[in-house]
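Next comes coords_1.csv, a file with CSV, C-alpha atoms.
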```
chain,number,residue,atom,x,y,z
A,1,MET,CA,41.6,17.7,-19.6
A,2,ASN,CA,43.0,18.0,-23.2
A,3,GLU,CA,42.4,15.1,-25.5
A,4,ILE,CA,44.8,14.0,-28.2
A,5,VAL,CA,43.2,12.8,-31.4
A,6,ARG,CA,45.5,11.1,-33.9
A,7,ARG,CA,44.8,10.5,-37.6
A,8,PRO,CA,44.9,6.9,-38.8
A,9,GLU,CA,48.3,5.7,-40.0
A,10,GLY,CA,49.2,7.0,-43.5
A,11,GLN,CA,46.3,9.6,-43.6
A,12,THR,CA,47.1,13.2,-44.1
A,13,ILE,CA,45.0,16.3,-43.4
A,14,TRP,CA,44.4,16.7,-47.2
A,15,ASP,CA,42.8,13.2,-47.4
A,16,VAL,CA,39.7,14.7,-45.7
A,17,PHE,CA,39.2,17.1,-48.7
A,18,ASN,CA,39.6,14.3,-51.2
A,19,ASP,CA,36.4,12.5,-50.0
A,20,PHE,CA,33.9,14.8,-51.7
A,21,ASP,CA,31.1,12.2,-51.7
A,22,GLY,CA,31.5,11.7,-47.9
A,23,PHE,CA,31.5,15.4,-47.4
A,24,PHE,CA,28.2,16.0,-49.2
A,25,ASP,CA,26.6,12.9,-47.6
A,26,ASP,CA,27.4,14.3,-44.2
A,27,VAL,CA,26.3,17.9,-44.9
A,28,LEU,CA,23.3,17.5,-47.2
A,29,ARG,CA,21.7,14.3,-46.2
A,30,PRO,CA,19.4,14.5,-43.1
A,31,ARG,CA,20.1,11.9,-40.5
A,32,ARG,CA,17.9,10.3,-37.8
A,33,VAL,CA,19.3,11.1,-34.5
A,34,TYR,CA,19.0,8.5,-31.7
A,35,GLY,CA,19.6,10.0,-28.3
A,36,ARG,CA,21.0,8.0,-25.5
A,37,ALA,CA,19.1,7.0,-22.4
A,38,GLU,CA,20.6,6.5,-19.0
A,39,GLY,CA,22.9,3.4,-19.1
A,40,GLY,CA,23.7,4.0,-22.8
A,41,ALA,CA,20.6,2.5,-24.4
A,42,LEU,CA,19.2,4.1,-27.6
A,43,MET,CA,16.2,6.4,-27.3
A,44,PRO,CA,14.0,5.8,-30.4
A,45,PRO,CA,12.6,8.9,-32.0
A,46,VAL,CA,8.9,9.3,-31.4
A,47,ASP,CA,6.0,11.4,-32.7
A,48,VAL,CA,3.2,12.1,-30.2
A,49,THR,CA,-0.1,13.6,-31.2
A,50,GLU,CA,-3.2,14.3,-29.2
A,51,THR,CA,-6.8,14.2,-30.3
A,52,GLU,CA,-10.0,14.8,-28.4
A,53,HIS,CA,-10.2,11.2,-27.4
A,54,GLU,CA,-6.7,9.8,-27.4
A,55,TYR,CA,-2.9,10.2,-27.6
A,56,LEU,CA,-1.2,8.7,-30.6
A,57,VAL,CA,2.5,7.6,-30.3
A,58,LYS,CA,4.7,6.4,-33.1
A,59,ALA,CA,8.1,5.1,-32.1
A,60,GLU,CA,10.8,4.2,-34.7
A,61,MET,CA,12.8,1.1,-33.9
A,62,PRO,CA,14.3,-0.5,-37.0
A,63,GLY,CA,15.5,-4.1,-36.8
A,64,VAL,CA,13.5,-4.9,-33.6
A,65,LYS,CA,11.5,-8.1,-33.7
A,66,LYS,CA,8.1,-8.2,-32.1
A,67,ASP,CA,9.3,-10.7,-29.5
A,68,ASP,CA,12.0,-8.3,-28.4
A,69,LEU,CA,9.5,-5.5,-27.7
A,70,ASP,CA,7.9,-4.6,-24.4
A,71,VAL,CA,5.5,-1.8,-23.7
A,72,SER,CA,4.1,-0.9,-20.3
A,73,ILE,CA,2.0,1.9,-18.6
A,74,HIS,CA,2.3,2.3,-14.9
A,75,ASP,CA,1.0,5.4,-12.9
A,76,GLY,CA,0.7,7.4,-16.1
A,77,VAL,CA,4.2,6.7,-17.3
A,78,LEU,CA,4.6,5.0,-20.7
A,79,THR,CA,7.8,2.8,-21.0
A,80,ILE,CA,9.0,1.2,-24.3
A,81,ASN,CA,11.8,-1.4,-24.0
A,82,ALA,CA,13.2,-3.1,-27.1
A,83,GLU,CA,16.3,-4.7,-28.4
A,84,SER,CA,17.8,-5.2,-31.9
A,85,LYS,CA,20.3,-8.0,-32.0
A,86,TYR,CA,23.4,-8.2,-34.0
A,87,GLU,CA,23.2,-10.6,-37.0
A,88,GLN,CA,26.2,-12.9,-37.1
A,89,GLN,CA,27.7,-13.0,-40.6
A,90,ASP,CA,29.2,-16.1,-42.1
A,91,LYS,CA,32.7,-15.9,-43.3
A,92,GLU,CA,31.6,-17.3,-46.7
A,93,GLU,CA,29.5,-14.2,-47.3
A,94,GLY,CA,32.6,-11.9,-47.4
A,95,ARG,CA,33.9,-9.2,-45.2
A,96,ILE,CA,32.0,-6.2,-43.8
A,97,ILE,CA,33.2,-3.0,-45.5
A,98,ARG,CA,30.8,-0.5,-43.8
A,99,GLN,CA,28.4,-1.0,-41.0
A,100,GLU,CA,26.0,1.8,-40.0
A,101,ARG,CA,23.0,0.0,-38.6
A,102,ARG,CA,22.6,0.2,-34.9
A,103,TYR,CA,22.3,-2.7,-32.5
A,104,GLY,CA,21.4,-2.7,-28.9
A,105,LYS,CA,18.7,-1.8,-26.4
A,106,TYR,CA,16.1,0.9,-27.0
A,107,VAL,CA,14.5,2.6,-24.0
A,108,ARG,CA,12.0,5.4,-24.0
A,109,THR,CA,10.0,6.7,-21.0
A,110,MET,CA,7.3,9.4,-21.2
A,111,ARG,CA,5.0,10.8,-18.5
A,112,LEU,CA,1.4,11.0,-19.9
A,113,GLY,CA,-0.3,11.7,-16.6
A,114,LYS,CA,-3.2,9.8,-15.1
A,115,GLY,CA,-5.4,10.6,-18.0
A,116,VAL,CA,-4.8,7.4,-20.0
A,117,ASP,CA,-7.2,4.5,-19.8
A,118,ALA,CA,-4.5,1.7,-19.7
A,119,SER,CA,-7.2,-1.1,-20.1
A,120,LYS,CA,-8.0,0.2,-23.6
A,121,VAL,CA,-4.6,0.8,-25.0
A,122,GLN,CA,-3.9,-0.7,-28.5
A,123,ALA,CA,-0.5,-1.4,-30.0
A,124,GLU,CA,0.6,-2.4,-33.4
A,125,TYR,CA,4.2,-3.0,-34.7
A,126,LYS,CA,4.7,-2.7,-38.4
A,127,ASP,CA,7.8,-2.1,-40.6
A,128,GLY,CA,10.0,-1.1,-37.6
A,129,VAL,CA,7.5,1.4,-36.3
A,130,LEU,CA,5.5,1.0,-33.1
A,131,TYR,CA,2.0,2.6,-33.2
A,132,LEU,CA,0.2,3.1,-29.8
A,133,ASN,CA,-3.3,4.4,-29.3
A,134,LEU,CA,-3.7,5.6,-25.8
A,135,PRO,CA,-7.4,6.4,-25.1
A,136,LYS,CA,-8.1,9.2,-22.6
A,137,VAL,CA,-10.3,8.4,-19.5
A,138,GLU,CA,-13.7,10.0,-19.6
A,139,GLU,CA,-13.1,12.8,-17.0
A,140,VAL,CA,-10.0,14.1,-19.0
A,141,LYS,CA,-11.9,14.5,-22.3
A,142,PRO,CA,-13.1,18.1,-22.8
A,143,LYS,CA,-16.8,18.5,-22.1
A,144,LYS,CA,-19.0,20.8,-24.1
A,145,ILE,CA,-21.2,23.0,-22.0
A,146,ASP,CA,-24.2,24.6,-23.7
A,147,VAL,CA,-25.0,28.1,-22.6
A,148,ASN,CA,-28.6,29.3,-22.8
A,149,VAL,CA,-29.2,32.9,-23.7
A,150,ASN,CA,-32.5,34.5,-22.5
```
Would you mind writing the structure in this file as structure tokens?
Amino acid sequence: MNEIVRRPEGQTIWDVFNDFDGFFDDVLRPRRVYGRAEGGALMPPVDVTETEHEYLVKAEMPGVKKDDLDVSIHDGVLTINAESKYEQQDKEEGRIIRQERRYGKYVRTMRLGKGVDASKVQAEYKDGVLYLNLPKVEEVKPKKIDVNVN
């Protein structure tokens, strides 16, 4: 189906070219992309690394308080649930001119397999970033086998 998009009242097509700052901000400045999970929740960007003994996960969730954060592991699936709540602004503080911060629920689910020792998981939340250390169970760790040569 065709969709009709209308310009705001009083705006002409040439107004787009007059906003050079906005043009360069959008083109040259890298942005963090937050995908959407099922149900419209934000999917926080994550970095996952693996060492010989553990998986390390960093999840970025700005504006989330520790009390609004829930991490669980069940059957080898890591689930991160969080929520950043809108901060009500008093009328005496003035009007909002631009608002780019995101508010809402964060959900991220990742299958790690059964190789994680859930009883030894460590989590730290600092400066809007969740750090998870997920130790591997013993049988998953690579084992070195010495080969004797005659």
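The nearest approach to A:Met61 among the residues A:Ala123, A:Ile97, A:Val107, A:Val77, with all atoms listed in the file taken into account, belongs to A:Val107.
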Just want the 7 Å neighbourhood of A:Asn133, counted on only C-alpha atoms, with same-chain residues fewer than 6 positions away dropped. Output as a list in words. Glu54, Tyr55, Leu56, Val57, Val121, Gln122 and Ala123 of chain A
Suppose you want the space between atom CA of A:Lys58 and atom CA of A:Tyr131; what is it in Å?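 Taking atom CA of A:Lys58 and atom CA of A:Tyr131, their separation equals 4.7 Å.
Note that the spacing between atom CA of A:Val71 and atom CA of A:Arg101 amounts to 23.1 Å.
Closest approach to A:Glu83 from the set A:Leu112, A:Ala59, A:Val147, A:Leu42 is made by A:Leu42, with distances taken over all atoms listed in the file.
With distances restricted to only C-alpha atoms, A:Gly115 is the closest residue to A:Pro142 from A:Gly76, A:Gly63, A:Pro44, A:Gly115.
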Could you jot down the atom CA of A:Ser72 to atom CA of A:Met43 separation for me, Å, one decimal place?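 Taking atom CA of A:Ser72 as the start and atom CA of A:Met43 as the end point, the length is 15.8 Å.
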